[in-house]
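Just work-v1.tsv here, TSV, C-alpha atoms:
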chain	number	residue	atom	x	y	z
A	628	MET	CA	147.40	133.27	187.54
A	629	LYS	CA	147.97	129.86	186.14
A	630	ARG	CA	151.41	129.21	184.65
A	631	ILE	CA	151.79	126.68	181.89
A	632	ALA	CA	155.10	124.84	181.64
A	633	GLY	CA	156.51	124.26	178.15
A	634	ILE	CA	156.24	120.69	176.94
A	635	VAL	CA	158.21	119.00	174.20
A	636	LEU	CA	156.70	115.76	172.99
A	637	ALA	CA	158.24	113.06	170.81
A	638	VAL	CA	155.54	111.34	168.82
A	639	LEU	CA	156.14	108.30	166.64
A	640	LEU	CA	154.01	108.75	163.51
A	641	LEU	CA	154.21	106.96	160.17
A	642	GLY	CA	157.27	105.08	161.36
A	643	GLY	CA	159.22	108.32	161.90
A	644	VAL	CA	159.79	110.56	164.84
A	645	VAL	CA	157.71	113.71	164.71
A	646	ALA	CA	158.99	116.39	167.05
A	647	ALA	CA	156.39	118.22	169.06
A	648	VAL	CA	156.62	121.94	169.61
A	649	VAL	CA	154.37	123.31	172.29
A	650	ALA	CA	153.48	126.96	172.20
A	651	GLY	CA	154.63	127.67	175.72
A	652	ARG	CA	157.88	127.65	177.67
A	653	GLU	CA	158.80	127.38	181.32
A	654	GLU	CA	157.54	130.29	183.36
A	655	GLN	CA	155.63	131.61	180.31
A	656	ASP	CA	152.47	133.39	181.47
A	657	THR	CA	149.49	132.36	179.38
A	658	GLY	CA	147.33	135.19	180.65
A	659	THR	CA	143.72	134.76	179.61
A	660	ALA	CA	144.18	131.53	177.64
A	661	THR	CA	141.18	129.25	178.13
A	662	LYS	CA	141.02	127.06	175.02
A	663	THR	CA	143.72	124.52	174.14
A	664	VAL	CA	144.13	123.90	170.41
A	665	ARG	CA	146.10	120.86	169.28
A	666	MET	CA	147.75	121.20	165.87
A	667	VAL	CA	149.96	119.28	163.47
A	668	ILE	CA	152.09	121.72	161.49
A	669	GLY	CA	154.85	121.84	158.90
A	670	SER	CA	158.23	122.07	160.64
A	671	GLU	CA	159.01	125.50	159.18
A	672	LYS	CA	156.33	127.00	161.48
A	673	ALA	CA	157.69	125.40	164.67
A	674	GLU	CA	159.69	128.44	165.78
A	675	PHE	CA	156.73	130.72	165.16
A	676	PHE	CA	154.42	128.81	167.48
A	677	ALA	CA	157.20	128.38	170.08
A	678	ASP	CA	157.94	132.13	170.16
A	679	PRO	CA	157.00	133.51	173.63
A	680	ASP	CA	155.54	136.61	171.98
A	681	VAL	CA	153.28	134.43	169.83
A	682	VAL	CA	152.29	132.45	172.93
A	683	LYS	CA	151.41	135.71	174.67
A	684	ALA	CA	149.44	137.07	171.68
A	685	LEU	CA	147.45	133.83	171.39
A	686	ALA	CA	146.82	133.77	175.13
A	687	ALA	CA	145.46	137.31	174.96
A	688	LYS	CA	142.85	135.97	172.54
A	689	GLY	CA	142.07	132.98	174.75
A	690	TYR	CA	144.20	130.22	173.18
A	691	THR	CA	146.95	127.84	174.22
A	692	VAL	CA	148.43	126.01	171.22
A	693	LYS	CA	150.14	122.63	171.29
A	694	ALA	CA	151.85	121.98	167.96
A	695	GLU	CA	153.47	118.81	166.64
A	696	THR	CA	155.51	118.83	163.44
A	697	SER	CA	155.20	116.59	160.40
A	698	GLY	CA	156.05	116.68	156.73
A	699	SER	CA	153.14	118.37	154.98
A	700	TRP	CA	152.55	115.50	152.57
A	701	ALA	CA	152.88	112.96	155.37
A	702	MET	CA	149.93	114.49	157.22
A	703	GLU	CA	147.45	112.71	155.00
A	704	GLY	CA	148.58	109.39	156.45
A	705	LEU	CA	148.31	110.47	160.09
A	706	ASP	CA	145.43	109.70	162.43
A	707	LEU	CA	144.31	113.20	163.36
A	708	LYS	CA	141.57	112.18	165.76
A	709	GLY	CA	141.76	114.53	168.72
A	710	TYR	CA	143.44	117.32	166.78
A	711	ASP	CA	141.85	120.70	166.13
A	712	VAL	CA	143.93	121.84	163.15
A	713	ALA	CA	146.15	120.46	160.42
A	714	PHE	CA	148.39	123.22	159.08
A	715	PRO	CA	150.44	122.05	156.06
A	716	SER	CA	152.65	124.35	154.06
A	717	SER	CA	150.65	124.54	150.84
A	718	GLN	CA	147.22	124.11	149.33
A	719	PRO	CA	147.48	120.66	147.65
A	720	PRO	CA	148.02	118.62	150.85
A	721	ALA	CA	145.50	120.86	152.63
A	722	ALA	CA	142.90	120.10	149.95
A	723	GLU	CA	143.48	116.36	150.41
A	724	LEU	CA	143.12	116.66	154.18
A	725	ALA	CA	139.95	118.72	153.83
A	726	LYS	CA	138.51	116.04	151.55
A	727	LYS	CA	139.51	113.26	153.94
A	728	TYR	CA	137.93	114.95	156.97
A	729	GLY	CA	134.89	116.40	155.21
A	730	VAL	CA	135.84	120.06	155.65
A	731	LYS	CA	133.60	122.03	153.28
A	732	GLN	CA	134.41	125.62	154.20
A	733	THR	CA	136.97	127.85	152.51
A	734	LEU	CA	140.39	127.16	153.99
A	735	ALA	CA	142.21	130.09	155.60
A	736	ARG	CA	145.65	130.94	154.20
A	737	PRO	CA	147.08	133.38	156.76
A	738	PHE	CA	150.56	133.74	155.24
A	739	TYR	CA	152.83	132.45	152.50
A	740	SER	CA	156.47	132.12	151.48
A	741	PRO	CA	158.09	131.62	148.06
A	742	LEU	CA	160.64	128.87	147.49
A	743	VAL	CA	164.17	130.14	146.85
A	744	VAL	CA	167.65	128.68	146.44
A	745	VAL	CA	170.43	129.59	148.85
A	746	ALA	CA	173.95	129.41	147.47
A	747	HIS	CA	177.42	130.01	148.81
A	748	ARG	CA	179.07	133.03	147.19
A	749	ASN	CA	181.57	131.02	145.13
A	750	ALA	CA	178.83	128.80	143.70
A	751	ALA	CA	176.57	131.77	142.89
A	752	GLU	CA	179.37	133.57	141.04
A	753	VAL	CA	180.20	130.49	138.99
A	754	LEU	CA	176.53	130.06	138.05
A	755	ALA	CA	176.38	133.71	136.98
A	756	ALA	CA	179.57	133.44	134.93
A	757	ASN	CA	178.06	130.50	133.04
A	758	GLY	CA	174.66	132.03	132.29
A	759	LEU	CA	172.69	130.07	134.87
A	760	ALA	CA	172.03	133.03	137.17
A	761	THR	CA	172.25	136.78	137.52
A	762	LEU	CA	173.54	138.48	140.67
A	763	ASP	CA	172.81	141.74	142.46
A	764	GLY	CA	174.89	141.77	145.62
A	765	HIS	CA	173.64	139.22	148.14
A	766	ARG	CA	170.69	138.16	145.99
A	767	GLY	CA	169.97	137.23	142.41
A	768	THR	CA	167.93	135.19	139.98
A	769	LEU	CA	168.30	131.53	139.07
A	770	LYS	CA	167.47	130.83	135.42
A	771	MET	CA	165.37	127.71	135.73
A	772	GLY	CA	165.42	126.83	132.04
A	773	ALA	CA	169.23	126.95	131.90
A	774	TYR	CA	169.52	125.01	135.15
A	775	LEU	CA	167.20	122.25	133.90
A	776	ASP	CA	169.17	122.03	130.67
A	777	ALA	CA	172.33	121.53	132.73
A	778	ALA	CA	170.60	118.85	134.81
A	779	ARG	CA	169.33	117.11	131.69
A	780	ASP	CA	172.89	117.01	130.31
A	781	ASP	CA	174.39	115.82	133.63
A	782	ARG	CA	176.63	118.88	133.79
A	783	THR	CA	179.29	118.90	136.49
A	784	TRP	CA	180.80	121.85	138.33
A	785	GLN	CA	184.11	121.04	136.67
A	786	GLN	CA	182.52	121.78	133.28
A	787	LEU	CA	181.67	125.33	134.35
A	788	LYS	CA	184.28	128.02	133.78
A	789	GLY	CA	185.68	129.46	136.98
A	790	ALA	CA	184.78	126.46	139.13
A	791	GLU	CA	188.34	125.15	139.02
A	792	LYS	CA	189.32	127.86	141.53
A	793	TYR	CA	187.16	126.31	144.23
A	794	GLY	CA	187.88	122.81	145.48
A	795	GLU	CA	184.44	122.52	147.08
A	796	LEU	CA	182.73	122.85	143.68
A	797	ALA	CA	183.02	119.34	142.31
A	798	GLY	CA	180.74	116.62	141.04
A	799	THR	CA	177.31	116.91	139.47
A	800	LEU	CA	175.60	120.29	139.54
A	801	TYR	CA	172.33	120.00	141.47
A	802	ILE	CA	170.03	121.67	143.99
A	803	THR	CA	169.44	119.90	147.29
A	804	SER	CA	165.73	119.56	148.06
A	805	THR	CA	163.65	117.58	150.53
A	806	ASP	CA	161.89	114.27	149.89
A	807	PRO	CA	158.99	115.06	147.50
A	808	GLU	CA	156.94	112.14	148.80
A	809	THR	CA	156.74	113.52	152.35
A	810	SER	CA	157.82	117.17	152.25
A	811	ASN	CA	155.97	120.13	150.82
A	812	SER	CA	159.04	121.98	149.54
A	813	GLY	CA	160.31	118.89	147.75
A	814	ALA	CA	156.96	118.34	146.05
A	815	LEU	CA	156.67	121.99	145.01
A	816	TYR	CA	160.20	121.85	143.58
A	817	LEU	CA	158.94	119.17	141.20
A	818	ALA	CA	155.85	121.28	140.46
A	819	ALA	CA	157.95	124.26	139.36
A	820	ALA	CA	160.53	122.14	137.51
A	821	SER	CA	157.88	120.13	135.66
A	822	TYR	CA	156.11	123.33	134.58
A	823	VAL	CA	159.33	124.72	133.07
A	824	ALA	CA	160.27	121.35	131.55
A	825	ALA	CA	156.84	121.14	129.90
A	826	GLY	CA	157.42	124.44	128.12
A	827	GLY	CA	155.50	126.62	130.55
A	828	ARG	CA	152.47	124.32	130.73
A	829	LEU	CA	150.86	122.73	133.75
A	830	VAL	CA	151.40	118.98	133.94
A	831	VAL	CA	147.90	117.49	134.02
A	832	SER	CA	147.83	114.12	132.27
A	833	ASP	CA	149.61	110.76	132.37
A	834	ALA	CA	151.22	111.67	129.06
A	835	ASP	CA	152.53	114.93	130.53
A	836	VAL	CA	153.98	113.07	133.51
A	837	GLU	CA	155.60	110.53	131.17
A	838	ARG	CA	157.35	113.31	129.23
A	839	VAL	CA	158.85	115.09	132.24
A	840	ALA	CA	159.47	112.06	134.49
A	841	PRO	CA	163.01	111.28	133.26
A	842	LEU	CA	164.20	114.79	134.11
A	843	MET	CA	162.40	114.79	137.47
A	844	ARG	CA	164.15	111.50	138.21
A	845	LYS	CA	167.54	113.10	137.48
A	846	LEU	CA	166.80	116.05	139.77
A	847	ILE	CA	166.07	113.73	142.69
A	848	SER	CA	168.26	110.67	142.15
A	849	VAL	CA	171.49	112.70	142.07
A	850	GLN	CA	170.82	113.79	145.66
A	851	GLY	CA	170.91	110.36	147.24
A	852	ALA	CA	169.21	110.19	150.65
A	853	GLN	CA	166.94	113.19	151.24
A	854	GLN	CA	165.77	114.92	154.39
A	855	SER	CA	162.06	115.25	155.14
A	856	SER	CA	162.40	118.77	156.56
A	857	THR	CA	163.67	122.06	155.16
A	858	ASP	CA	164.83	122.93	158.68
A	859	ALA	CA	167.45	120.18	158.49
A	860	VAL	CA	168.80	121.07	155.04
A	861	PHE	CA	168.91	124.79	155.90
A	862	ARG	CA	170.80	124.13	159.13
A	863	ASP	CA	173.31	122.05	157.17
A	864	PHE	CA	173.78	124.86	154.67
A	865	VAL	CA	174.26	127.55	157.33
A	866	SER	CA	176.81	125.36	159.12
A	867	GLY	CA	178.78	125.01	155.88
A	868	ALA	CA	177.98	121.33	155.38
A	869	GLY	CA	176.52	119.63	152.36
A	870	ASN	CA	175.72	120.88	148.88
A	871	PRO	CA	176.40	124.54	147.89
A	872	LEU	CA	172.87	124.94	146.42
A	873	VAL	CA	169.84	124.28	148.62
A	874	LEU	CA	166.10	124.83	148.12
A	875	VAL	CA	164.46	126.47	151.16
A	876	TYR	CA	161.61	128.78	152.09
A	877	GLU	CA	162.24	132.52	151.96
A	878	SER	CA	160.79	132.70	155.47
A	879	GLN	CA	163.71	130.67	156.84
A	880	ILE	CA	166.19	133.20	155.47
A	881	ALA	CA	164.22	136.17	156.81
A	882	ALA	CA	164.10	134.58	160.27
A	883	LEU	CA	167.86	133.98	160.14
A	884	LEU	CA	168.55	137.60	159.18
A	885	ASP	CA	166.41	138.82	162.09
A	886	ASP	CA	168.28	136.62	164.57
A	887	ASP	CA	171.11	138.61	166.15
A	888	GLY	CA	172.82	135.38	167.15
A	889	GLN	CA	173.08	134.10	163.57
A	890	SER	CA	175.23	135.20	160.65
A	891	PRO	CA	174.32	134.71	156.98
A	892	GLY	CA	178.01	134.21	156.19
A	893	ASP	CA	178.64	134.08	152.44
A	894	MET	CA	175.02	133.28	151.61
A	895	VAL	CA	173.47	134.48	148.36
A	896	VAL	CA	169.70	134.16	147.83
A	897	LEU	CA	168.64	133.14	144.33
A	898	TYR	CA	165.00	133.58	143.35
A	899	PRO	CA	164.15	131.09	140.58
A	900	ASP	CA	162.68	133.01	137.66
A	901	THR	CA	159.87	130.44	137.84
A	902	THR	CA	158.99	129.34	141.33
A	903	ILE	CA	156.11	128.30	143.56
A	904	THR	CA	154.60	130.28	146.41
A	905	SER	CA	153.90	128.09	149.40
A	906	ASP	CA	150.55	129.12	150.87
A	907	HIS	CA	150.38	127.89	154.46
A	908	THR	CA	146.83	126.60	154.63
A	909	VAL	CA	144.72	125.84	157.70
A	910	VAL	CA	142.49	122.76	157.71
A	911	PRO	CA	140.13	123.15	160.69
A	912	LEU	CA	138.99	119.91	162.29
A	913	THR	CA	137.00	121.56	165.11
A	914	GLU	CA	135.31	124.90	165.71
A	915	ASN	CA	138.23	126.05	167.87
A	916	GLY	CA	140.55	125.16	165.01
A	917	ARG	CA	138.50	127.19	162.56
A	918	ALA	CA	138.50	130.25	164.83
A	919	LEU	CA	142.23	130.04	165.43
A	920	GLY	CA	142.96	129.73	161.71
A	921	GLU	CA	141.02	132.90	160.97
A	922	LEU	CA	142.71	134.71	163.87
A	923	LEU	CA	146.18	134.00	162.47
A	924	GLY	CA	145.32	135.93	159.33
A	925	THR	CA	143.37	138.84	160.84
A	926	ASP	CA	144.95	139.72	164.19
A	927	LEU	CA	147.40	142.59	163.68
A	928	GLU	CA	149.80	141.43	166.39
A	929	LEU	CA	149.95	137.89	165.04
A	930	ARG	CA	150.47	139.20	161.51
A	931	LYS	CA	153.37	141.34	162.75
A	932	LEU	CA	154.88	138.31	164.47
A	933	ALA	CA	154.45	136.20	161.34
A	934	VAL	CA	156.48	138.81	159.44
A	935	ARG	CA	159.15	138.68	162.14
A	936	HIS	CA	159.44	134.96	161.45
A	937	GLY	CA	159.81	135.63	157.73
A	938	PHE	CA	156.30	134.90	156.47
A	939	ARG	CA	154.42	137.20	154.12
A	940	PRO	CA	150.84	137.85	155.34
A	941	GLN	CA	148.23	137.68	152.59
A	942	ASP	CA	147.53	141.05	150.96
A	943	ALA	CA	150.16	142.84	153.01
A	944	GLY	CA	153.33	143.49	151.03
A	945	THR	CA	154.13	146.63	153.02
A	946	GLU	CA	154.25	144.69	156.30
A	947	PHE	CA	156.99	142.45	154.93
A	948	ALA	CA	158.82	145.29	153.18
A	949	SER	CA	158.98	147.41	156.34
A	950	ALA	CA	160.60	144.63	158.39
A	951	ALA	CA	164.27	144.58	159.40
A	952	SER	CA	166.40	146.59	156.99
A	953	ASP	CA	169.05	143.87	156.59
A	954	ARG	CA	166.48	141.80	154.72
A	955	GLY	CA	166.63	144.19	151.78
A	956	LYS	CA	170.19	143.12	150.99
A	957	TYR	CA	169.16	139.51	150.57
A	958	LEU	CA	165.42	139.37	149.89
A	959	LYS	CA	163.12	140.84	147.27
A	960	GLN	CA	160.62	143.09	149.01
A	961	GLU	CA	158.30	142.68	146.03
A	962	LEU	CA	158.20	139.51	143.96
A	963	SER	CA	158.30	141.33	140.64
A	964	GLY	CA	160.05	139.46	137.86
A	965	VAL	CA	159.35	136.09	139.44
A	966	ARG	CA	156.85	133.95	137.55
A	967	GLN	CA	154.52	131.86	139.70
A	968	ALA	CA	154.03	128.37	138.32
A	969	PRO	CA	150.62	126.76	138.87
A	970	VAL	CA	150.56	123.70	141.09
A	971	PRO	CA	149.37	120.35	139.69
A	972	THR	CA	146.65	118.40	141.43
A	973	SER	CA	147.60	116.32	144.43
A	974	ALA	CA	147.27	113.13	142.37
A	975	VAL	CA	149.65	114.43	139.70
A	976	LEU	CA	152.16	115.65	142.29
A	977	HIS	CA	152.09	112.28	144.05
A	978	GLU	CA	152.77	110.55	140.72
A	979	LEU	CA	155.59	112.97	139.86
A	980	ALA	CA	157.14	112.31	143.29
A	981	ARG	CA	156.77	108.55	142.90
A	982	ARG	CA	158.38	108.59	139.47
A	983	ALA	CA	161.13	110.95	140.62
A	984	ARG	CA	162.00	108.73	143.56
A	985	GLY	CA	162.06	105.71	141.25

What would the structure in this file look like if it were written as structure tokens?
Amino acid sequence: MKRIAGIVLAVLLLGGVVAAVVAGREEQDTGTATKTVRMVIGSEKAEFFADPDVVKALAAKGYTVKAETSGSWAMEGLDLKGYDVAFPSSQPPAAELAKKYGVKQTLARPFYSPLVVVAHRNAAEVLAANGLATLDGHRGTLKMGAYLDAARDDRTWQQLKGAEKYGELAGTLYITSTDPETSNSGALYLAAASYVAAGGRLVVSDADVERVAPLMRKLISVQGAQQSSTDAVFRDFVSGAGNPLVLVYESQIAALLDDDGQSPGDMVVLYPDTTITSDHTVVPLTENGRALGELLGTDLELRKLAVRHGFRPQDAGTEFASAASDRGKYLKQELSGVRQAPVPTSAVLHELARRARG
């Protein structure tokens, strides 16, 4: 029986270091694996593909996966010659990659995750007391319209009643997001915000962009330097560092709650009343890549493992709802009451990001 040692590669792409996550660890038995599939993935899926149980499940179907991480929007600028799959975190960058590499077939979307805001308890209670959120225990709803009004008016924490009790709540009120020019979550944040700012209409034209651009600029400029990965901003939040409001994927919270070695601390999960669902979309570059993409969405064991890592399989609400019971205190099992904003075209999103970054 051949044993495959785990490999961690550091690859310099687009002038930045892209960490490689290889689906395999030392002394991990790959069983019947015969086909090696090389992937570039969004960083939020790194732990999934590094999970020994995922390695085993893929090996049972004949695959060894080598995965390198990149910002979803940065993938378009990579040279993907020699790769089998590009696996960004949403449909717009996937559509651009499919166009670039001449992929004509329907793109598989094996699982998805909505964007949410994590808040420390003190911050969440202050938002609720000032009409910007509602709370229900460890979870709640962020009122996007009220939040954008506050951002437009440059509201500070000190202007919110109750904030004076907490020394850590100071300065401009804002949500930390990732760089919208390279990161999927950052770009989708602008997609949802622009939709609300435009009065519940999709931003489609240059005139639309011109109208919402000043507010998008405020949302981003107040943050200063931005990370390119939601993993980094979520780790900072969990460690107690940084801003008290952070935009992340729901899947990251679910994975944290399922990890016995991690504590959610004083975390409150706020579902924006208008948000974006991030559909993780497979762009197959080879036949092996196509087959693997389909397998991720159809194999029952891989679907179960995706749920364990916090992802929602397509057309399978019960699988997510029946996961670890602790999730119910923090996460909505059904996304009722959450409006899904449509996503602008890739060209419009790129322009929104460019204008927001100034």

Two-atom distance - CA of Ala673 (chain A), CA of Glu978 (chain A) (Å) |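 According to the coordinates, CA of Ala673 (chain A) and CA of Glu978 (chain A) are separated by 28.6 Å.
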
In Å, rounded to a single decimal, give me how far CA of Asp706 (chain A) is from CA of Ser812 (chain A).
->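 Between CA of Ser812 (chain A) and CA of Asp706 (chain A) the gap works out to 22.4 Å.
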
Distance in Å - CA of Lys956 (chain A) versus CA of Asp680 (chain A) | 26.4 Å

With all atoms listed in the file as the basis for distance, which of A:Ala778, A:Leu883, A:Val682, A:Val909 is at the shortest distance from Ile802 (chain A)?
->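 Once distances to Ile802 (chain A) are computed over all atoms listed in the file, the minimum belongs to A:Ala778.
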
Can you tell me, as a PyMOL selection string, what residues are no more than 8 Å from Phe861 (chain A) when counting only C-alpha atoms, ignoring any on the same chain fewer than 4 positions away?
-> chain A and resi 857+865+873+875+879

List the neighbours of Thr913 (chain A) out to 8 Å using only C-alpha atoms; skip same-chain residues closer than 3 positions along the sequence, and give me the result as a ChimeraX atom specification.
-> /A:710-712,916-917

Shell around Arg954 (chain A) at 7 Å using all atoms listed in the file, local window under 3 positions removed, as a PyMOL selection string | chain A and resi 881+884+951+957-958

Pick from A:Gly892, A:Gly698, A:Gly867, A:Gly798 nearest to Ala713 (chain A), counting only C-alpha atoms |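 Among the listed residues, the smallest separation from Ala713 (chain A) belongs to A:Gly698.
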
What's the 9 Å shell around Gln941 (chain A), counting all atoms listed in the file, without same-chain residues fewer than 6 positions away, as a VMD selection string?
-> chain A and resid 736 to 739 924

Nearest residue to Asp863 (chain A) from the set A:Thr783, A:Asp942, A:Leu932, A:Thr803 (distances using all atoms listed in the file) |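 Counting all atoms listed in the file, the residue closest to Asp863 (chain A) is A:Thr803.
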
Contacts of region 719-734 of chain A within 6 Å, only C-alpha atoms, excl. fewer than 3 positions in-chain, as an MDAnalysis selection string | chainID A and resid 700 703 909 973

Quick one: write out the picked residues with C-alpha atoms as a tab-separated table (two decimals), keeping the file's coordinate frame?
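Contents of selection39.tsv, freshly written:
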chain	number	residue	atom	x	y	z
A	700	TRP	CA	152.55	115.50	152.57
A	703	GLU	CA	147.45	112.71	155.00
A	909	VAL	CA	144.72	125.84	157.70
A	973	SER	CA	147.60	116.32	144.43

Determine the nearest neighbour of Lys672 (chain A) from the options A:Leu815, A:Val895, A:Ala882, A:Leu874, counting only C-alpha atoms.
-> A:Ala882

With only C-alpha atoms as the atoms that count, which of A:Ala746, A:Leu929, A:Leu976, A:Val934 lies nearest to Val681 (chain A)?
->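 Once distances to Val681 (chain A) are computed over only C-alpha atoms, the minimum belongs to A:Leu929.
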
Residue nearest Ser963 (chain A) among A:Ser856, A:Asn915, A:Thr663, A:Thr901 (counting all atoms listed in the file) |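 Smallest distance to Ser963 (chain A) is found for A:Thr901.
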
Show me that you can extract region 808-824 of chain A, keeping N, CA and C atoms, and write it as an mmCIF file, in the first residue's frame.
data_model
loop_
_atom_site.group_PDB
_atom_site.id
_atom_site.type_symbol
_atom_site.label_atom_id
_atom_site.label_comp_id
_atom_site.auth_asym_id
_atom_site.auth_seq_id
_atom_site.Cartn_x
_atom_site.Cartn_y
_atom_site.Cartn_z
ATOM 1 N N GLU A 808 -10.756 43.838 -4.265
ATOM 2 C CA GLU A 808 -10.099 43.655 -5.562
ATOM 3 C C GLU A 808 -9.487 42.260 -5.708
ATOM 4 N N THR A 809 -9.274 41.566 -4.584
ATOM 5 C CA THR A 809 -8.656 40.237 -4.661
ATOM 6 C C THR A 809 -9.467 39.150 -3.974
ATOM 7 N N SER A 810 -10.348 39.526 -3.065
ATOM 8 C CA SER A 810 -11.048 38.549 -2.237
ATOM 9 C C SER A 810 -12.535 38.502 -2.558
ATOM 10 N N ASN A 811 -13.068 37.306 -2.613
ATOM 11 C CA ASN A 811 -14.472 37.106 -2.929
ATOM 12 C C ASN A 811 -15.391 37.752 -1.896
ATOM 13 N N SER A 812 -15.120 37.541 -0.609
ATOM 14 C CA SER A 812 -16.027 38.077 0.407
ATOM 15 C C SER A 812 -16.061 39.601 0.374
ATOM 16 N N GLY A 813 -14.898 40.218 0.141
ATOM 17 C CA GLY A 813 -14.860 41.672 0.046
ATOM 18 C C GLY A 813 -15.662 42.193 -1.132
ATOM 19 N N ALA A 814 -15.562 41.518 -2.264
ATOM 20 C CA ALA A 814 -16.313 41.923 -3.449
ATOM 21 C C ALA A 814 -17.818 41.746 -3.234
ATOM 22 N N LEU A 815 -18.202 40.641 -2.615
ATOM 23 C CA LEU A 815 -19.626 40.392 -2.393
ATOM 24 C C LEU A 815 -20.208 41.332 -1.335
ATOM 25 N N TYR A 816 -19.384 41.792 -0.413
ATOM 26 C CA TYR A 816 -19.819 42.826 0.530
ATOM 27 C C TYR A 816 -20.259 44.074 -0.226
ATOM 28 N N LEU A 817 -19.464 44.475 -1.217
ATOM 29 C CA LEU A 817 -19.844 45.625 -2.034
ATOM 30 C C LEU A 817 -21.095 45.332 -2.856
ATOM 31 N N ALA A 818 -21.245 44.094 -3.305
ATOM 32 C CA ALA A 818 -22.431 43.726 -4.085
ATOM 33 C C ALA A 818 -23.697 43.911 -3.252
ATOM 34 N N ALA A 819 -23.680 43.407 -2.013
ATOM 35 C CA ALA A 819 -24.855 43.534 -1.152
ATOM 36 C C ALA A 819 -25.087 44.989 -0.758
ATOM 37 N N ALA A 820 -24.011 45.689 -0.386
ATOM 38 C CA ALA A 820 -24.140 47.085 0.050
ATOM 39 C C ALA A 820 -24.633 47.979 -1.082
ATOM 40 N N SER A 821 -24.129 47.756 -2.285
ATOM 41 C CA SER A 821 -24.544 48.584 -3.419
ATOM 42 C C SER A 821 -26.010 48.342 -3.768
ATOM 43 N N TYR A 822 -26.458 47.110 -3.620
ATOM 44 C CA TYR A 822 -27.863 46.778 -3.889
ATOM 45 C C TYR A 822 -28.782 47.529 -2.926
ATOM 46 N N VAL A 823 -28.429 47.533 -1.637
ATOM 47 C CA VAL A 823 -29.238 48.250 -0.647
ATOM 48 C C VAL A 823 -29.149 49.747 -0.887
ATOM 49 N N ALA A 824 -27.930 50.243 -1.151
ATOM 50 C CA ALA A 824 -27.743 51.682 -1.371
ATOM 51 C C ALA A 824 -28.500 52.177 -2.594
#
